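Quick look at my_file.txt (compact mmCIF, C-alpha atoms):
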# COMPACT_ATOMS: atom_id res chain seq x y z
CA MET A 39 18.56 29.43 3.42
CA SER A 40 17.62 31.80 0.66
CA ALA A 41 18.02 35.52 0.16
CA ILE A 42 14.28 35.98 0.72
CA ARG A 43 13.01 33.96 3.64
CA ALA A 44 9.86 32.07 2.72
CA THR A 45 7.63 30.93 5.59
CA GLY A 46 5.17 28.07 5.46
CA ARG A 47 2.38 30.54 4.76
CA SER A 48 4.40 32.13 1.97
CA ALA A 49 4.97 28.72 0.40
CA ALA A 50 1.23 28.03 0.58
CA VAL A 51 0.40 31.39 -1.01
CA LEU A 52 2.96 30.75 -3.73
CA THR A 53 1.51 27.31 -4.44
CA VAL A 54 -2.06 28.58 -4.66
CA ALA A 55 -0.97 31.50 -6.86
CA SER A 56 0.91 29.15 -9.18
CA VAL A 57 -2.15 26.94 -9.54
CA ILE A 58 -4.31 29.98 -10.34
CA GLY A 59 -1.72 31.22 -12.81
CA LEU A 60 -1.58 27.85 -14.53
CA LEU A 61 -5.36 27.80 -14.84
CA THR A 62 -5.34 31.27 -16.42
CA LEU A 63 -3.01 29.87 -19.08
CA MET A 64 -4.77 26.55 -19.63
CA TRP A 65 -8.39 27.70 -19.64
CA PRO A 66 -8.82 27.31 -23.43
CA LEU A 67 -8.17 23.56 -23.19
CA PHE A 68 -11.18 23.17 -20.93
CA LEU A 69 -13.53 25.35 -22.95
CA ASP A 70 -16.44 23.69 -24.73
CA ASP A 71 -18.40 26.31 -26.64
CA PRO A 72 -20.14 25.02 -29.79
CA THR A 73 -21.66 28.47 -30.37
CA ALA A 74 -18.32 30.23 -30.88
CA VAL A 75 -18.14 31.78 -34.34
CA GLY A 76 -15.08 31.26 -36.52
CA GLY A 77 -13.17 29.48 -33.80
CA GLN A 78 -12.16 32.77 -32.18
CA VAL A 79 -12.70 33.28 -28.48
CA ARG A 80 -11.84 35.92 -25.96
CA PRO A 81 -10.42 35.06 -22.55
CA PRO A 82 -12.66 35.69 -19.54
CA PHE A 83 -12.08 39.31 -18.60
CA VAL A 84 -11.58 38.34 -14.98
CA PHE A 85 -8.31 36.59 -15.91
CA LEU A 86 -6.80 39.84 -17.14
CA LEU A 87 -7.48 41.35 -13.71
CA LEU A 88 -6.84 38.28 -11.57
CA LEU A 89 -3.32 37.43 -12.68
CA PRO A 90 -1.68 40.79 -11.83
CA VAL A 91 -3.46 40.74 -8.47
CA VAL A 92 -2.15 37.23 -7.78
CA ILE A 93 1.41 38.30 -8.62
CA VAL A 94 1.19 41.35 -6.36
CA VAL A 95 -0.17 39.24 -3.48
CA VAL A 96 2.69 36.76 -3.80
CA LEU A 97 5.35 39.48 -3.94
CA ALA A 98 3.83 41.18 -0.92
CA GLU A 99 3.74 37.91 1.00
CA LEU A 100 7.35 37.05 0.17
CA SER A 101 8.55 40.46 1.29
CA GLU A 102 6.36 40.60 4.41
CA GLY A 103 9.31 40.02 6.75
CA GLY A 104 11.13 42.93 5.18
CA LEU A 105 13.89 42.78 2.61
CA ASP A 106 17.35 43.57 3.82
CA PRO A 107 18.64 46.66 1.97
CA ARG A 108 21.58 44.68 0.59
CA VAL A 109 19.28 41.94 -0.68
CA LEU A 110 17.06 44.60 -2.24
CA ALA A 111 20.12 46.17 -3.85
CA ILE A 112 21.16 42.83 -5.36
CA LEU A 113 17.62 42.31 -6.65
CA GLY A 114 17.60 45.77 -8.21
CA VAL A 115 20.97 45.34 -9.88
CA LEU A 116 20.10 41.92 -11.32
CA SER A 117 16.72 43.17 -12.55
CA ALA A 118 18.39 46.11 -14.30
CA VAL A 119 21.05 43.88 -15.84
CA ASN A 120 18.38 41.50 -17.10
CA ALA A 121 16.45 44.41 -18.60
CA VAL A 122 19.54 45.49 -20.54
CA LEU A 123 20.29 41.92 -21.61
CA ARG A 124 16.77 41.50 -22.93
CA MET A 125 17.02 44.78 -24.83
CA LEU A 126 20.29 43.62 -26.42
CA SER A 127 19.10 40.09 -27.19
CA ALA A 128 16.29 38.82 -29.38
CA GLY A 129 13.43 40.39 -27.42
CA VAL A 130 10.20 38.48 -27.81
CA ALA A 131 11.89 35.93 -30.04
CA GLY A 132 14.16 34.75 -27.25
CA LEU A 133 14.85 35.66 -23.65
CA GLU A 134 18.10 33.73 -23.79
CA LEU A 135 20.35 36.00 -21.79
CA VAL A 136 17.60 36.84 -19.34
CA PHE A 137 17.17 33.15 -18.60
CA PHE A 138 20.89 32.66 -18.18
CA LEU A 139 21.18 35.13 -15.30
CA LEU A 140 17.79 34.18 -13.86
CA VAL A 141 18.78 30.52 -13.57
CA LEU A 142 22.12 31.30 -11.93
CA ALA A 143 20.63 33.80 -9.48
CA GLY A 144 17.85 31.40 -8.52
CA ARG A 145 20.46 28.72 -7.87
CA VAL A 146 22.53 30.95 -5.59
CA TYR A 147 19.89 32.99 -3.77
CA GLY A 148 17.10 30.43 -3.52
CA PRO A 149 13.62 29.79 -4.95
CA ALA A 150 11.82 32.78 -3.39
CA PHE A 151 14.46 35.19 -4.70
CA GLY A 152 14.32 33.49 -8.11
CA PHE A 153 10.55 33.93 -8.23
CA VAL A 154 10.74 37.62 -7.39
CA LEU A 155 13.63 38.20 -9.81
CA GLY A 156 11.65 36.59 -12.63
CA CYS A 157 8.79 39.02 -12.02
CA THR A 158 10.91 42.14 -11.62
CA SER A 159 13.19 41.32 -14.56
CA LEU A 160 10.34 40.94 -17.04
CA PHE A 161 8.50 43.97 -15.67
CA THR A 162 11.59 46.17 -15.83
CA SER A 163 12.53 44.98 -19.31
CA ALA A 164 8.97 45.59 -20.52
CA LEU A 165 9.21 49.20 -19.37
CA VAL A 166 12.58 49.63 -21.08
CA THR A 167 11.52 48.01 -24.36
CA ALA A 168 7.94 49.37 -24.42
CA GLY A 169 6.70 45.81 -24.16
CA VAL A 170 3.86 46.48 -21.71
CA GLY A 171 0.64 44.75 -22.71
CA PRO A 172 -1.91 42.15 -21.61
CA TRP A 173 0.73 39.47 -22.18
CA LEU A 174 3.12 40.94 -19.57
CA PRO A 175 1.58 39.32 -16.45
CA TYR A 176 1.87 35.92 -18.15
CA GLN A 177 5.50 36.54 -19.05
CA MET A 178 6.25 37.66 -15.51
CA LEU A 179 4.61 34.62 -13.95
CA VAL A 180 6.25 32.04 -16.20
CA ALA A 181 9.67 33.70 -15.83
CA ALA A 182 9.09 33.67 -12.07
CA TRP A 183 8.52 29.91 -12.26
CA VAL A 184 11.84 29.56 -14.10
CA GLY A 185 13.67 31.35 -11.27
CA LEU A 186 11.74 29.37 -8.67
CA GLY A 187 12.63 26.07 -10.32
CA ALA A 188 16.31 26.98 -10.46
CA GLY A 189 16.27 27.58 -6.72
CA LEU A 190 14.64 24.20 -6.12
CA LEU A 191 17.25 22.20 -8.04
CA PRO A 192 18.93 19.61 -5.80
CA ARG A 193 22.10 20.53 -3.96
CA ARG A 194 23.07 16.87 -3.58
CA LEU A 195 22.66 13.90 -5.93
CA LEU A 196 23.42 10.30 -5.04
CA GLY A 197 24.82 11.43 -1.72
CA ARG A 198 27.31 13.83 -3.29
CA GLU A 199 27.30 17.60 -3.35
CA VAL A 200 26.58 19.05 -6.77
CA THR A 201 29.44 21.45 -7.51
CA GLY A 202 31.88 22.33 -10.27
CA ARG A 203 31.22 20.82 -13.67
CA ALA A 204 28.33 18.73 -12.40
CA GLU A 205 26.54 21.86 -11.21
CA ILE A 206 27.15 23.66 -14.50
CA ALA A 207 25.81 20.64 -16.42
CA LEU A 208 22.73 20.55 -14.19
CA LEU A 209 22.04 24.26 -14.67
CA ALA A 210 22.61 24.08 -18.44
CA ALA A 211 20.20 21.15 -18.74
CA TYR A 212 17.64 22.98 -16.62
CA GLY A 213 18.05 26.09 -18.76
CA VAL A 214 17.25 24.08 -21.90
CA VAL A 215 14.14 22.52 -20.37
CA ALA A 216 12.98 25.85 -18.93
CA ALA A 217 13.41 27.58 -22.30
CA TYR A 218 11.10 25.12 -24.02
CA VAL A 219 8.56 25.11 -21.19
CA TYR A 220 8.51 28.91 -21.20
CA GLY A 221 7.69 28.98 -24.89
CA LEU A 222 5.07 26.25 -24.51
CA LEU A 223 3.21 28.00 -21.70
CA LEU A 224 3.28 31.43 -23.31
CA ASN A 225 1.92 29.97 -26.54
CA LEU A 226 -1.17 29.02 -24.56
CA GLN A 227 -1.77 32.71 -23.89
CA GLY A 228 -1.98 33.73 -27.54
CA TRP A 229 -3.01 30.59 -29.40
CA PRO A 230 -6.77 30.65 -28.64
CA LEU A 231 -7.05 34.29 -29.75
CA LEU A 232 -6.18 33.39 -33.35
CA ALA A 233 -9.14 32.71 -35.60
CA GLY A 234 -6.88 30.67 -37.90
CA VAL A 235 -3.23 29.83 -38.26
CA ALA A 236 -1.79 30.03 -41.75
CA VAL A 237 1.44 28.05 -42.02
CA PRO A 238 2.76 26.89 -45.41
CA GLY A 239 2.39 23.14 -45.75
CA HIS A 240 -0.14 22.84 -42.95
CA GLU A 241 -3.90 23.04 -42.88
CA SER A 242 -5.07 25.84 -40.59
CA GLY A 243 -7.69 23.53 -39.13
CA ASP A 244 -4.93 21.27 -37.83
CA LEU A 245 -3.32 24.06 -35.83
CA ALA A 246 -6.03 26.52 -34.81
CA PHE A 247 -7.95 26.42 -31.57
CA ASP A 248 -11.48 25.02 -31.82
CA PRO A 249 -13.69 25.99 -28.85
CA ALA A 250 -16.14 23.22 -29.75
CA ALA A 251 -13.51 20.47 -29.83
CA PRO A 252 -12.83 18.14 -26.89
CA LEU A 253 -9.79 18.49 -24.66
CA GLY A 254 -7.74 15.77 -26.36
CA GLU A 255 -8.19 17.21 -29.84
CA ASN A 256 -7.36 20.77 -28.81
CA LEU A 257 -4.31 19.54 -26.94
CA LEU A 258 -3.02 17.84 -30.10
CA ARG A 259 -3.77 20.99 -32.12
CA PHE A 260 -1.86 23.09 -29.61
CA LEU A 261 1.16 20.78 -29.59
CA ARG A 262 1.27 20.83 -33.40
CA TYR A 263 0.94 24.61 -33.36
CA THR A 264 3.82 24.93 -30.89
CA LEU A 265 6.08 22.55 -32.81
CA VAL A 266 5.45 24.36 -36.09
CA THR A 267 5.57 27.98 -34.92
CA SER A 268 8.08 28.15 -32.07
CA THR A 269 9.81 24.96 -30.98
CA GLY A 270 12.23 24.72 -33.90
CA GLY A 271 12.91 28.46 -33.97
CA TRP A 272 12.52 30.80 -31.03
CA ASP A 273 12.43 28.15 -28.31
CA THR A 274 15.45 26.30 -29.64
CA GLY A 275 17.41 29.53 -30.00
CA ARG A 276 16.52 30.43 -26.43
CA ALA A 277 17.52 26.97 -25.19
CA VAL A 278 20.84 26.85 -27.04
CA THR A 279 21.87 30.37 -26.07
CA THR A 280 20.96 29.79 -22.43
CA ALA A 281 22.92 26.54 -22.25
CA VAL A 282 25.98 28.03 -23.96
CA ALA A 283 25.92 31.09 -21.68
CA VAL A 284 25.67 28.89 -18.58
CA VAL A 285 28.58 26.69 -19.70
CA VAL A 286 30.85 29.56 -20.80
CA LEU A 287 30.01 32.26 -18.26
CA GLY A 288 28.36 30.25 -15.51
CA PRO A 289 31.40 29.49 -13.31
CA ALA A 290 32.52 33.13 -13.16
CA VAL A 291 29.01 34.52 -12.63
CA LEU A 292 28.21 31.94 -9.94
CA ALA A 293 31.39 32.88 -8.09
CA THR A 294 30.49 36.58 -8.29
CA LEU A 295 26.93 36.02 -7.08
CA ARG A 296 28.13 33.89 -4.19
CA ARG A 297 30.65 36.51 -3.10
CA ALA A 298 27.83 39.06 -3.09
CA ALA A 299 25.69 36.63 -1.07
CA ARG A 300 28.40 36.22 1.58
CA ARG A 301 28.79 39.98 1.91
CA ALA A 302 25.02 40.40 2.25
CA LEU A 303 24.82 37.94 5.16
CA VAL A 304 22.39 39.61 7.54
CA SER A 305 20.49 37.93 10.39
CA GLY A 306 20.62 34.58 8.66
CA GLN A 307 18.48 35.79 5.75
CA VAL A 308 21.19 35.47 3.15
CA THR A 309 23.80 32.76 2.95
CA ALA A 310 26.26 31.84 0.29
CA GLY A 311 24.90 29.32 -2.20
CA THR A 312 26.33 25.86 -1.89

Starting from the file, lay out its structure as structure tokens.
Amino acid sequence: MSAIRATGRSAAVLTVASVIGLLTLMWPLFLDDPTAVGGQVRPPFVFLLLLPVVIVVVLAELSEGGLDPRVLAILGVLSAVNAVLRMLSAGVAGLELVFFLLVLAGRVYGPAFGFVLGCTSLFTSALVTAGVGPWLPYQMLVAAWVGLGAGLLPRRLLGREVTGRAEIALLAAYGVVAAYVYGLLLNLQGWPLLAGVAVPGHESGDLAFDPAAPLGENLLRFLRYTLVTSTGGWDTGRAVTTAVAVVVLGPAVLATLRRAARRALVSGQVTAGT
């Protein structure tokens, strides 16, 4: 069981919303517009309106059964802590500490809670750091996927329960993968809006988005752009910091979150993480 009970309909809504969200990120790769001037394009305006609506619909669906006040209190506290951690960390250059707590909370409280926490954490931190902009819905959605994925990690492997050091290793490895995937997906949001990418030692034509190019060529351009601009810097810093925080602080934080889960046991909606 998870802290937020997800019904079959909720799971279906979440799946459809995730597919729509992924399409709003990946649309440039499917664009074929030979008439675009200078390689610069603007995203379809409907995407800027659709994504926040999709997020609101999912959050409303997940909370339809009503959130227990104690579950809501835990969500509020963790969102506030994540907002402070983001303010104290590297900001846009790395959500390392935000990911650390998001992964652990998703593991303990389940995938639905992890999804909601990803949304509320990024929204709250954006308000605190004045980071509200058209990029915020994308950040919220991708962070929500990180929390969702943490909640879906297996509880048992090879017939054995994943606990102790094995669990910490699993969460640290997931944190590393999630950090890189987060950077990769968010790069899709900004990359096509650049008319050219000037990086010393690289031709801008090898990195910039070309609306007239086929899917395969633009995909290679995007991967080169990501490797050059973020993978070796921001994404790696985010991955390393997340993994170190999970290994060093993970056992104590997991124990604290699980104690809070046991105390919030109400009508079978919240159970201690296993």

**Prompt:** Which of these residues is nearest to Val285 (chain A), using only C-alpha atoms: A:Leu224, A:Ala246, A:Leu209, A:Leu258?
**Reply:**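 Of all the options, A:Leu209 lies closest to Val285 (chain A).
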
**Message:** Taking all atoms listed in the file into account, name the residue in A:Leu231, A:Val122, A:Leu142, A:Leu67 that is nearest to Asn256 (chain A).
**Reply:**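 Nearest candidate to Asn256 (chain A) out of A:Leu231, A:Val122, A:Leu142, A:Leu67: A:Leu67.
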
**Prompt:** Pick from A:Val282, A:Ala277, A:Leu116, A:Leu191: nearest to Leu160 (chain A), with only C-alpha atoms counted?
**Reply:** A:Leu116

**Item:** Residue contacts of Phe68 (chain A) (10 Å, all atoms listed in the file) excluding same-chain residues fewer than 3 positions away, as number ranges by chain
**Value:** A: 61, 64-65, 71, 249, 251-254, 256-257

For the selection just defined, write its residues with C-alpha atoms to a file, as a tab-separated table (two decimals), in the coordinates of the input.
chain	number	residue	atom	x	y	z
A	61	LEU	CA	-5.36	27.80	-14.84
A	64	MET	CA	-4.77	26.55	-19.63
A	65	TRP	CA	-8.39	27.70	-19.64
A	71	ASP	CA	-18.40	26.31	-26.64
A	249	PRO	CA	-13.69	25.99	-28.85
A	251	ALA	CA	-13.51	20.47	-29.83
A	252	PRO	CA	-12.83	18.14	-26.89
A	253	LEU	CA	-9.79	18.49	-24.66
A	254	GLY	CA	-7.74	15.77	-26.36
A	256	ASN	CA	-7.36	20.77	-28.81
A	257	LEU	CA	-4.31	19.54	-26.94

**Nearest to Leu265 (chain A), chosen from A:Asn225, A:Thr294, A:Thr279, A:Thr201, with only C-alpha atoms counted in the distances** =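 With only C-alpha atoms as the atom set, the closest residue is A:Asn225.
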
Could you work out an axis-aligned bounding box for all listed atoms of region 157-173 of chain A, with 8 Å added on each of the six sides, and give its centre and edge lengths in Å to one decimal, as AutoDock Vina command-line options?
--center_x 5.6 --center_y 44.3 --center_z -18.0 --size_x 31.1 --size_y 26.6 --size_z 28.8

**Request:** Using all atoms listed in the file, find all polymer residues with an atom at most 12 Å away from the point (28.7, 35.1, -9.1); report them as JSON, numbers by chain.
**Result:** {"A": [112, 116, 139, 140, 141, 142, 143, 144, 145, 146, 147, 284, 287, 288, 289, 290, 291, 292, 293, 294, 295, 296, 297, 298, 299, 300, 310, 311, 312]}
